[in-house]
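J.: Pasting protein33.cif below, which is mmCIF, C-alpha atoms and all ligand atoms.
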```cif
data_start
loop_
_atom_site.label_atom_id
_atom_site.label_comp_id
_atom_site.auth_asym_id
_atom_site.auth_seq_id
_atom_site.Cartn_x
_atom_site.Cartn_y
_atom_site.Cartn_z
CA MET A 1 -1.35 3.96 -34.86
CA ARG A 2 -0.92 6.67 -32.24
CA THR A 3 -3.38 6.71 -29.33
CA ILE A 4 -4.81 9.94 -30.74
CA GLU A 5 -4.24 11.77 -34.02
CA TRP A 6 -5.59 14.55 -36.22
CA ASP A 7 -7.31 13.46 -39.39
CA ALA A 8 -6.64 15.73 -42.40
CA LYS A 9 -10.42 15.75 -43.09
CA GLY A 10 -10.78 17.84 -39.90
CA ALA A 11 -11.59 15.23 -37.27
CA VAL A 12 -9.87 13.56 -34.32
CA ARG A 13 -9.24 9.82 -34.33
CA MET A 14 -8.57 7.91 -31.13
CA ILE A 15 -8.32 4.28 -30.00
CA ASP A 16 -11.39 3.37 -27.91
CA GLN A 17 -9.59 2.10 -24.78
CA ARG A 18 -12.80 0.81 -23.22
CA ARG A 19 -12.90 -1.96 -25.82
CA LEU A 20 -9.33 -3.24 -25.38
CA PRO A 21 -8.00 -5.89 -25.20
CA LEU A 22 -10.85 -7.79 -26.84
CA GLU A 23 -11.46 -5.36 -29.71
CA PHE A 24 -9.32 -2.73 -31.42
CA VAL A 25 -11.73 0.05 -32.39
CA VAL A 26 -10.86 3.56 -33.59
CA VAL A 27 -13.47 6.29 -33.14
CA GLU A 28 -13.65 9.49 -35.17
CA LEU A 29 -14.86 12.65 -33.43
CA GLN A 30 -16.02 15.81 -35.21
CA ASP A 31 -16.89 18.12 -32.33
CA TYR A 32 -15.18 19.28 -29.12
CA ARG A 33 -18.19 18.12 -27.06
CA GLU A 34 -17.61 14.58 -28.32
CA VAL A 35 -13.96 14.87 -27.27
CA ALA A 36 -14.98 16.07 -23.80
CA GLN A 37 -17.35 13.12 -23.48
CA ALA A 38 -14.61 10.73 -24.65
CA ILE A 39 -12.29 12.02 -21.92
CA GLN A 40 -14.99 11.76 -19.24
CA GLN A 41 -16.01 8.24 -20.27
CA MET A 42 -12.37 7.12 -20.57
CA VAL A 43 -12.43 6.29 -24.27
CA ILE A 44 -9.08 8.04 -23.90
CA ARG A 45 -7.33 8.17 -20.52
CA GLY A 46 -3.89 8.64 -18.99
CA ALA A 47 -2.63 12.12 -18.15
CA PRO A 48 -0.55 12.98 -21.26
CA ALA A 49 -3.14 11.44 -23.63
CA ILE A 50 -5.88 13.48 -21.94
CA GLY A 51 -3.72 16.59 -22.48
CA ALA A 52 -3.37 15.84 -26.20
CA ALA A 53 -7.12 15.14 -26.43
CA ALA A 54 -7.89 18.51 -24.82
CA ALA A 55 -5.63 20.26 -27.35
CA PHE A 56 -7.25 18.48 -30.31
CA GLY A 57 -10.68 19.23 -28.82
CA LEU A 58 -9.89 22.94 -28.88
CA ALA A 59 -8.55 22.62 -32.43
CA LEU A 60 -11.95 21.14 -33.39
CA ALA A 61 -13.77 23.95 -31.56
CA ALA A 62 -11.75 26.48 -33.59
CA LEU A 63 -12.35 24.65 -36.87
CA ARG A 64 -16.13 24.41 -36.37
CA SER A 65 -16.52 27.97 -35.02
CA GLN A 66 -18.55 30.40 -37.15
CA ALA A 67 -16.76 33.40 -35.59
CA ALA A 68 -16.04 36.31 -37.90
CA THR A 69 -13.58 38.10 -35.63
CA ARG A 70 -10.71 37.10 -33.34
CA GLU A 71 -12.73 38.22 -30.28
CA GLU A 72 -15.66 35.98 -31.24
CA LEU A 73 -13.33 33.06 -31.90
CA ILE A 74 -11.68 33.47 -28.51
CA ARG A 75 -15.11 33.53 -26.85
CA ASP A 76 -16.01 30.26 -28.60
CA LEU A 77 -12.70 28.74 -27.50
CA GLU A 78 -13.25 29.80 -23.90
CA THR A 79 -16.69 28.14 -23.92
CA ALA A 80 -15.14 24.93 -25.27
CA ALA A 81 -12.29 25.18 -22.76
CA ASP A 82 -14.78 25.30 -19.86
CA VAL A 83 -16.51 22.14 -21.11
CA ILE A 84 -13.19 20.30 -21.56
CA ARG A 85 -11.82 21.43 -18.18
CA ALA A 86 -14.92 20.01 -16.44
CA THR A 87 -14.27 16.42 -17.61
CA ARG A 88 -11.59 15.07 -15.24
CA PRO A 89 -10.06 17.10 -12.39
CA THR A 90 -6.87 15.31 -11.37
CA ALA A 91 -4.61 15.10 -14.45
CA VAL A 92 -3.00 18.53 -14.69
CA ASN A 93 -1.92 17.91 -18.31
CA LEU A 94 -5.51 18.61 -19.36
CA PHE A 95 -5.42 22.13 -17.86
CA TRP A 96 -1.86 22.66 -19.10
CA ALA A 97 -2.84 21.84 -22.70
CA VAL A 98 -6.01 23.99 -22.58
CA ASP A 99 -4.00 26.97 -21.28
CA ARG A 100 -1.31 26.47 -23.92
CA MET A 101 -3.92 26.45 -26.72
CA LEU A 102 -5.72 29.55 -25.39
CA ARG A 103 -2.39 31.37 -25.03
CA LYS A 104 -1.59 30.58 -28.66
CA ALA A 105 -4.97 31.91 -29.84
CA ARG A 106 -4.68 35.11 -27.79
CA SER A 107 -1.10 35.86 -28.78
CA TRP A 108 -1.22 35.06 -32.51
CA PRO A 109 -0.19 38.33 -34.23
CA GLN A 110 -2.52 38.23 -37.29
CA PRO A 111 -6.23 38.89 -36.62
CA GLU A 112 -7.66 36.69 -39.46
CA THR A 113 -9.62 33.86 -37.89
CA SER A 114 -8.61 31.37 -40.61
CA GLN A 115 -4.96 31.85 -39.68
CA ILE A 116 -5.65 31.43 -35.97
CA VAL A 117 -7.59 28.23 -36.67
CA ALA A 118 -4.73 26.83 -38.77
CA GLU A 119 -2.23 27.74 -36.07
CA LEU A 120 -4.33 26.06 -33.36
CA ILE A 121 -4.44 22.83 -35.37
CA ASN A 122 -0.64 23.08 -35.73
CA GLU A 123 -0.24 23.72 -32.00
CA ALA A 124 -2.31 20.64 -31.08
CA GLN A 125 -0.20 18.57 -33.46
CA ARG A 126 2.96 20.01 -31.90
CA ILE A 127 1.72 18.99 -28.43
CA ALA A 128 1.17 15.44 -29.73
CA ASP A 129 4.54 15.24 -31.52
CA GLU A 130 6.42 16.69 -28.54
CA ASP A 131 4.80 14.10 -26.27
CA ILE A 132 6.51 11.29 -28.17
CA GLN A 133 9.93 13.01 -28.12
CA ILE A 134 9.53 13.64 -24.39
CA ASN A 135 8.67 10.01 -23.75
CA ARG A 136 11.75 8.83 -25.66
CA ALA A 137 13.90 11.11 -23.48
CA ILE A 138 12.17 9.83 -20.34
CA GLY A 139 12.91 6.28 -21.48
CA ALA A 140 16.60 7.04 -21.99
CA HIS A 141 17.01 8.62 -18.52
CA GLY A 142 14.97 5.96 -16.75
CA ALA A 143 16.65 2.98 -18.42
CA THR A 144 19.92 3.89 -16.64
CA LEU A 145 18.22 2.60 -13.46
CA ILE A 146 17.31 -0.78 -14.94
CA GLU A 147 19.81 -3.60 -14.61
CA ASP A 148 19.92 -6.78 -16.66
CA GLY A 149 17.51 -9.30 -15.11
CA CYS A 150 15.44 -6.60 -13.36
CA ASN A 151 11.96 -7.39 -11.99
CA ILE A 152 9.79 -4.29 -12.33
CA LEU A 153 6.36 -3.76 -10.80
CA THR A 154 3.96 -1.29 -12.41
CA HIS A 155 0.42 -0.12 -11.66
CA CYS A 156 -2.39 1.05 -13.97
CA ASN A 157 -1.29 1.91 -17.51
CA ALA A 158 1.45 4.46 -18.02
CA GLY A 159 2.12 3.11 -21.48
CA ALA A 160 1.71 4.17 -25.10
CA LEU A 161 -2.06 4.21 -24.56
CA ALA A 162 -1.77 6.72 -21.70
CA THR A 163 0.26 9.05 -23.93
CA VAL A 164 0.35 9.79 -27.65
CA ASP A 165 2.86 6.94 -28.01
CA TYR A 166 5.65 5.07 -26.16
CA GLY A 167 4.45 5.80 -22.61
CA THR A 168 6.17 7.07 -19.47
CA ALA A 169 6.74 4.22 -16.97
CA LEU A 170 6.51 1.82 -19.91
CA ALA A 171 8.93 4.03 -21.89
CA VAL A 172 11.57 3.15 -19.30
CA ILE A 173 10.74 -0.55 -19.67
CA ARG A 174 10.60 -0.36 -23.50
CA THR A 175 13.97 1.41 -23.69
CA ALA A 176 15.63 -1.09 -21.34
CA HIS A 177 14.18 -3.95 -23.42
CA GLU A 178 15.34 -2.29 -26.67
CA GLN A 179 18.82 -2.00 -25.13
CA GLY A 180 18.86 -5.79 -24.80
CA LYS A 181 18.42 -5.91 -21.02
CA ARG A 182 16.37 -8.85 -19.82
CA VAL A 183 13.44 -7.38 -17.90
CA HIS A 184 10.33 -8.92 -16.42
CA VAL A 185 7.27 -6.86 -15.45
CA TRP A 186 4.76 -7.60 -12.69
CA VAL A 187 1.55 -5.96 -13.92
CA ASP A 188 -1.04 -5.00 -11.28
CA GLU A 189 -4.53 -5.63 -12.62
CA THR A 190 -5.58 -2.20 -11.18
CA ARG A 191 -9.14 -2.41 -9.94
CA PRO A 192 -11.67 -1.02 -10.56
CA ARG A 193 -11.10 -0.16 -14.26
CA LEU A 194 -8.43 -2.82 -14.80
CA GLN A 195 -6.09 -0.64 -16.86
CA GLY A 196 -3.22 -2.99 -15.92
CA ALA A 197 -4.95 -6.21 -16.93
CA ARG A 198 -6.58 -4.78 -20.04
CA LEU A 199 -4.09 -2.22 -21.37
CA THR A 200 -0.60 -2.70 -19.90
CA ALA A 201 -0.76 -6.48 -20.42
CA TRP A 202 -1.94 -5.91 -24.02
CA GLU A 203 0.88 -3.46 -24.76
CA LEU A 204 3.66 -5.55 -23.25
CA MET A 205 2.50 -8.82 -24.80
CA ARG A 206 2.32 -7.23 -28.28
CA GLU A 207 5.97 -6.27 -27.95
CA GLY A 208 7.12 -9.54 -26.46
CA ILE A 209 8.27 -7.95 -23.18
CA PRO A 210 8.14 -10.66 -20.50
CA MET A 211 5.37 -9.97 -17.98
CA THR A 212 3.10 -11.58 -15.44
CA LEU A 213 -0.32 -10.30 -14.46
CA ILE A 214 -1.06 -10.19 -10.71
CA ALA A 215 -4.05 -9.27 -8.56
CA ASP A 216 -3.39 -5.90 -6.89
CA ASN A 217 -3.20 -7.47 -3.45
CA ALA A 218 -0.32 -9.79 -4.50
CA ALA A 219 2.19 -6.91 -4.57
CA GLY A 220 3.09 -7.06 -0.86
CA TYR A 221 3.80 -10.78 -0.99
CA LEU A 222 6.04 -10.33 -4.04
CA MET A 223 8.00 -7.47 -2.47
CA ARG A 224 8.47 -9.26 0.84
CA SER A 225 9.75 -12.37 -0.91
CA GLY A 226 12.37 -10.35 -2.84
CA GLN A 227 10.76 -10.68 -6.26
CA VAL A 228 10.51 -6.96 -7.06
CA ASP A 229 13.63 -4.85 -7.75
CA ILE A 230 11.94 -1.53 -8.59
CA VAL A 231 8.45 0.01 -8.76
CA LEU A 232 7.72 2.33 -11.71
CA VAL A 233 4.44 4.25 -11.92
CA GLY A 234 3.08 7.25 -13.81
CA SER A 235 1.49 10.33 -12.28
CA ASP A 236 -1.49 12.55 -13.02
CA ARG A 237 -0.17 15.48 -11.04
CA THR A 238 3.01 15.93 -9.03
CA ALA A 239 3.15 18.79 -6.51
CA ALA A 240 6.14 21.10 -5.94
CA ASN A 241 7.26 19.08 -2.89
CA GLY A 242 7.31 15.77 -4.82
CA ASP A 243 3.96 14.39 -3.60
CA VAL A 244 2.63 12.21 -6.43
CA ALA A 245 -1.03 11.74 -7.39
CA ASN A 246 -1.59 8.58 -9.39
CA LYS A 247 -4.11 5.79 -9.85
CA ILE A 248 -5.78 4.61 -6.65
CA GLY A 249 -3.59 1.97 -5.01
CA THR A 250 -0.28 3.68 -5.82
CA TYR A 251 0.11 4.96 -2.24
CA SER A 252 -0.26 1.45 -0.82
CA LEU A 253 2.44 0.23 -3.22
CA ALA A 254 4.79 3.03 -2.19
CA VAL A 255 4.40 2.23 1.51
CA LEU A 256 4.99 -1.46 0.82
CA ALA A 257 8.05 -0.59 -1.28
CA LYS A 258 9.59 1.49 1.52
CA GLU A 259 8.86 -1.20 4.12
CA ASN A 260 10.61 -3.77 1.92
CA GLY A 261 13.53 -1.60 0.73
CA VAL A 262 12.35 -1.52 -2.89
CA PRO A 263 13.05 1.74 -4.82
CA PHE A 264 9.86 3.54 -5.91
CA TYR A 265 10.01 5.91 -8.90
CA ALA A 266 7.33 8.10 -10.51
CA VAL A 267 7.86 8.62 -14.23
CA VAL A 268 6.43 11.90 -15.52
CA PRO A 269 6.73 14.46 -18.29
CA THR A 270 7.37 17.92 -16.80
CA SER A 271 3.86 18.95 -17.98
CA THR A 272 2.59 16.74 -15.12
CA ILE A 273 4.52 18.72 -12.48
CA ASP A 274 2.33 21.42 -10.92
CA LEU A 275 4.68 23.85 -9.18
CA SER A 276 1.68 26.03 -8.21
CA LEU A 277 0.68 23.43 -5.58
CA PRO A 278 2.97 23.33 -2.52
CA SER A 279 1.90 19.78 -1.62
CA GLY A 280 -0.28 16.89 -2.73
CA ASP A 281 -2.97 17.91 -0.22
CA GLN A 282 -4.16 20.50 -2.74
CA ILE A 283 -4.53 18.03 -5.63
CA PRO A 284 -8.21 17.45 -6.50
CA ILE A 285 -9.06 13.76 -6.38
CA GLU A 286 -11.66 12.58 -8.87
CA GLU A 287 -14.49 10.40 -7.57
CA ARG A 288 -16.10 8.19 -10.19
CA ASP A 289 -19.37 6.33 -10.47
CA GLY A 290 -19.91 3.44 -8.04
CA HIS A 291 -20.85 1.25 -11.01
CA GLU A 292 -17.09 0.84 -11.66
CA VAL A 293 -16.79 -0.95 -8.29
CA THR A 294 -20.04 -2.91 -8.22
CA HIS A 295 -19.45 -4.26 -11.72
CA CYS A 296 -16.60 -5.95 -13.55
CA GLY A 297 -17.35 -5.02 -17.14
CA ASP A 298 -21.04 -5.91 -17.54
CA CYS A 299 -21.01 -8.41 -14.68
CA GLN A 300 -22.47 -7.29 -11.34
CA ILE A 301 -20.27 -8.45 -8.44
CA ALA A 302 -21.87 -6.68 -5.43
CA PRO A 303 -25.38 -6.67 -3.97
CA GLN A 304 -27.88 -4.39 -5.67
CA GLY A 305 -28.05 -1.00 -3.90
CA VAL A 306 -24.75 -1.34 -1.98
CA LYS A 307 -23.11 1.93 -0.86
CA VAL A 308 -19.84 2.59 -2.75
CA PHE A 309 -16.92 5.02 -2.47
CA ASN A 310 -14.79 5.20 -5.63
CA PRO A 311 -11.84 7.63 -5.52
CA ALA A 312 -9.94 7.27 -8.81
CA PHE A 313 -6.57 8.52 -7.50
CA ASP A 314 -4.51 8.79 -4.33
CA VAL A 315 -1.54 10.88 -3.28
CA THR A 316 1.79 9.32 -2.34
CA PRO A 317 3.69 11.59 0.07
CA HIS A 318 7.18 12.44 -1.21
CA ARG A 319 8.93 10.63 1.66
CA TYR A 320 8.01 7.36 -0.07
CA VAL A 321 9.30 8.49 -3.48
CA THR A 322 12.90 7.51 -4.30
CA GLY A 323 13.04 9.64 -7.45
CA ILE A 324 11.00 11.26 -10.21
CA ILE A 325 12.09 10.46 -13.78
CA THR A 326 11.42 13.24 -16.32
CA GLU A 327 12.51 14.08 -19.87
CA ASN A 328 15.12 16.41 -18.38
CA GLY A 329 16.71 13.92 -16.01
CA ILE A 330 15.94 12.21 -12.70
CA ALA A 331 14.91 14.38 -9.74
CA TYR A 332 15.93 13.22 -6.25
CA PRO A 333 15.06 14.64 -2.81
CA PRO A 334 14.87 17.38 -1.80
CA PHE A 335 12.25 17.65 -4.55
CA GLN A 336 11.49 21.33 -3.87
CA GLN A 337 14.76 22.19 -5.60
CA SER A 338 15.22 19.28 -8.00
CA LEU A 339 11.72 19.45 -9.55
CA ARG A 340 12.12 23.18 -10.17
CA ARG A 341 15.38 22.43 -12.03
CA MET A 342 13.61 19.77 -14.11
CA VAL A 343 10.83 22.19 -15.10
CA HIS A 344 12.86 25.36 -15.65
CA GLY A 345 16.20 23.80 -16.70
O1 LIG B 401 -7.89 6.92 -14.72
P1 LIG B 401 -6.77 6.84 -15.70
O2 LIG B 401 -6.71 5.56 -16.44
O3 LIG B 401 -6.74 8.04 -16.62
O4 LIG B 401 -5.47 6.92 -14.79
C1 LIG B 401 -4.21 6.89 -15.39
C2 LIG B 401 -3.09 6.85 -14.43
O5 LIG B 401 -3.27 6.85 -13.24
C3 LIG B 401 -1.72 6.87 -15.02
O6 LIG B 401 -0.81 6.22 -14.19
C4 LIG B 401 -1.28 8.33 -15.18
O7 LIG B 401 -2.20 9.05 -15.94
C5 LIG B 401 0.05 8.45 -15.80
S1 LIG B 401 0.01 7.98 -17.49
C6 LIG B 401 1.49 8.26 -18.21
#
```
As structure tokens - that is how I would like this structure written.

T.:
Amino acid sequence: MRTIEWDAKGAVRMIDQRRLPLEFVVVELQDYREVAQAIQQMVIRGAPAIGAAAAFGLALAALRSQAATREELIRDLETAADVIRATRPTAVNLFWAVDRMLRKARSWPQPETSQIVAELINEAQRIADEDIQINRAIGAHGATLIEDGCNILTHCNAGALATVDYGTALAVIRTAHEQGKRVHVWVDETRPRLQGARLTAWELMREGIPMTLIADNAAGYLMRSGQVDIVLVGSDRTAANGDVANKIGTYSLAVLAKENGVPFYAVVPTSTIDLSLPSGDQIPIEERDGHEVTHCGDCQIAPQGVKVFNPAFDVTPHRYVTGIITENGIAYPPFQQSLRRMVHG
């Protein structure tokens, strides 16, 4: 199934990513507050998937609203939008999807609330469907960079689970594999939430794409010994100058890649590019609960009461970024110009 989908009964179904890889559980949510909680607790995660969840959350808010007039419905939607926006600050897709849904509600020409509700459900479904088409296009552009026998290193999970389906960084790998190229993927475990070990490994193994799981701190050794040909990562927000925010640890990989002459690419849908921010310095970085660092699953691995700092993302300055793969092509430096072309065509 898709990572997230609309159920015709008027609910949202999503894979509970906290339970993978040991259990495959699908949860059904009836209310936008439940969707907001699912985003915050990382039942669903990954920038494009969070965007789709935000859109479906607003569709639920519209469906459950008792509003009699368009004005009342819009007020209810704005309340829901505030709750959804407060869940995770870094992935810009969340804000992009909320704005797109509100724009649709405000601009719909007929005033009947039932029609606006139906159109909002359609719009959320369009966002989800478009995501898959975009990821296929990303895969096609990115696969031109992958040679037969390529060793790829990836971080976190920028796969089907981080999107509605097919992935971004993993779309490039999937497409190359589908084209018959022999690829091998080094998968960073990605502490503290282990999205690499739990999710990327699960996805690649299910599809028979050759991979090897490594501890995060093995990446430098592998690059220095010539065992990595390219680094492919996703992004939660990319600034106008090409600075890339992604899962904590991405910056270290990019510096190591430059030092060792390994090309480093971010793979992003254009909805992840935030042209309103001149540089990555303005990207808000989420800090999460210290429990994620002191524990590995349910197992405590640090002394009780230890002080913890847990930033969930970092920013890779654009000078370390070889290129940015989007659904509209591959952007190269200077990113100021090339990213604008990718977004506006
Ligand atoms: O905290 P997460 O799991 O939501 O972080 C996800 C990432 O950092 C991904 O690399 C990013 O969202 C891109 S997904 C296509």

J.: Find the residues near ligand LIG 401 (chain B). Use a cut-off of 6 Å, count only C-alpha atoms and all ligand atoms, and write them as a list in words.

T.: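 Within the 6 Å cut-off, the matching residues are Arg45, Gly46, Ala47, Pro48, Cys156, Asn157, Ala158, Ala162, Thr163, Gly167, Thr168, Gly234, Ser235, Asp236, Asn246 and Lys247 of chain A.
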
J.: Could you pull the residues within 7 Å of region 285-295 of chain A, counting only C-alpha atoms, minus those fewer than 4 positions along the same chain, as an MDAnalysis selection string?

T.: chainID A and resid 88:90 192:193 299:302 308:313

J.: Please build the interface table for region 115-135 of chain A against region 65-81 of chain A with a cut-off of 12 Å, listing for each qualifying residue the nearest atom pair and the distance in Å to one decimal; count only C-alpha atoms, order rows by chain and increasing number, and write it as JSON lines.

T.:
```
{"residue": "A:Gln115", "atom": "CA", "partner": "A:Arg70", "partner_atom": "CA", "distance": 10.0}
{"residue": "A:Ile116", "atom": "CA", "partner": "A:Arg70", "partner_atom": "CA", "distance": 8.0}
{"residue": "A:Val117", "atom": "CA", "partner": "A:Leu73", "partner_atom": "CA", "distance": 8.9}
{"residue": "A:Leu120", "atom": "CA", "partner": "A:Leu77", "partner_atom": "CA", "distance": 10.6}
```

J.: How far is it from CA of Arg126 (chain A) to CA of Ala105 (chain A), in Å with one decimal?

T.: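 Going from CA of Arg126 (chain A) over to CA of Ala105 (chain A) covers 14.4 Å.
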
J.: Measure the distance from CA of Arg2 (chain A) to CA of Gly159 (chain A) in Å and round it to one decimal.

T.: 11.7 Å

J.: Please work out which residues fall within 8 Å of (-11.2, 18.6, -27.4), coordinates as given in the file, with all atoms listed in the file counting, and return them as a VMD selection string.

T.: chain A and resid 31 to 36 53 to 61 80 84

J.: Counting all atoms listed in the file, which residue out of A:Ile44, A:Ala128, A:Met342, A:Leu94 sits closest to Val26 (chain A)?

T.: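 Nearest candidate to Val26 (chain A) out of A:Ile44, A:Ala128, A:Met342, A:Leu94: A:Ile44.
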
J.: Near Ala245 (chain A), counting all atoms listed in the file, which residues have an atom at most 10 Å away, once you skip same-chain residues fewer than 2 positions from it, shown as an MDAnalysis selection string?

T.: chainID A and resid 90:91 234:239 242:243 247:248 250:251 266 272 280:281 283:285 313:317

J.: In the coordinates of the file, take the point (10.6, -0.5, 3.5) and a cut-off of 12 Å; then, counting all atoms listed in the file, name each qualifying protein, DNA or RNA residue as a PDB file with C-alpha atoms, in the coordinates of the input.

T.:
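Output file point31.pdb is given in full below:
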```pdb
ATOM      1  CA  GLY A 220       3.090  -7.060  -0.860  1.00  0.00           C
ATOM      2  CA  MET A 223       8.000  -7.470  -2.470  1.00  0.00           C
ATOM      3  CA  ARG A 224       8.470  -9.260   0.840  1.00  0.00           C
ATOM      4  CA  GLY A 226      12.370 -10.350  -2.840  1.00  0.00           C
ATOM      5  CA  SER A 252      -0.260   1.450  -0.820  1.00  0.00           C
ATOM      6  CA  LEU A 253       2.440   0.230  -3.220  1.00  0.00           C
ATOM      7  CA  ALA A 254       4.790   3.030  -2.190  1.00  0.00           C
ATOM      8  CA  VAL A 255       4.400   2.230   1.510  1.00  0.00           C
ATOM      9  CA  LEU A 256       4.990  -1.460   0.820  1.00  0.00           C
ATOM     10  CA  ALA A 257       8.050  -0.590  -1.280  1.00  0.00           C
ATOM     11  CA  LYS A 258       9.590   1.490   1.520  1.00  0.00           C
ATOM     12  CA  GLU A 259       8.860  -1.200   4.120  1.00  0.00           C
ATOM     13  CA  ASN A 260      10.610  -3.770   1.920  1.00  0.00           C
ATOM     14  CA  GLY A 261      13.530  -1.600   0.730  1.00  0.00           C
ATOM     15  CA  VAL A 262      12.350  -1.520  -2.890  1.00  0.00           C
ATOM     16  CA  PRO A 263      13.050   1.740  -4.820  1.00  0.00           C
ATOM     17  CA  PHE A 264       9.860   3.540  -5.910  1.00  0.00           C
ATOM     18  CA  ARG A 319       8.930  10.630   1.660  1.00  0.00           C
ATOM     19  CA  TYR A 320       8.010   7.360  -0.070  1.00  0.00           C
ATOM     20  CA  VAL A 321       9.300   8.490  -3.480  1.00  0.00           C
ATOM     21  CA  THR A 322      12.900   7.510  -4.300  1.00  0.00           C
TER      22      THR A 322
END
```

J.: Please measure the separation of CA of Ile146 (chain A) and CA of Ala176 (chain A), giving the value in Å to one decimal.

T.: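 Rounded to one decimal, the two atoms are 6.6 Å apart.
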
J.: Hey, what's within 8 Å of Ala171 (chain A) if we count all atoms listed in the file and toss same-chain stuff fewer than 5 positions away? As a ChimeraX atom specification, please?

T.: /A:135-136,138-139,159-160,166
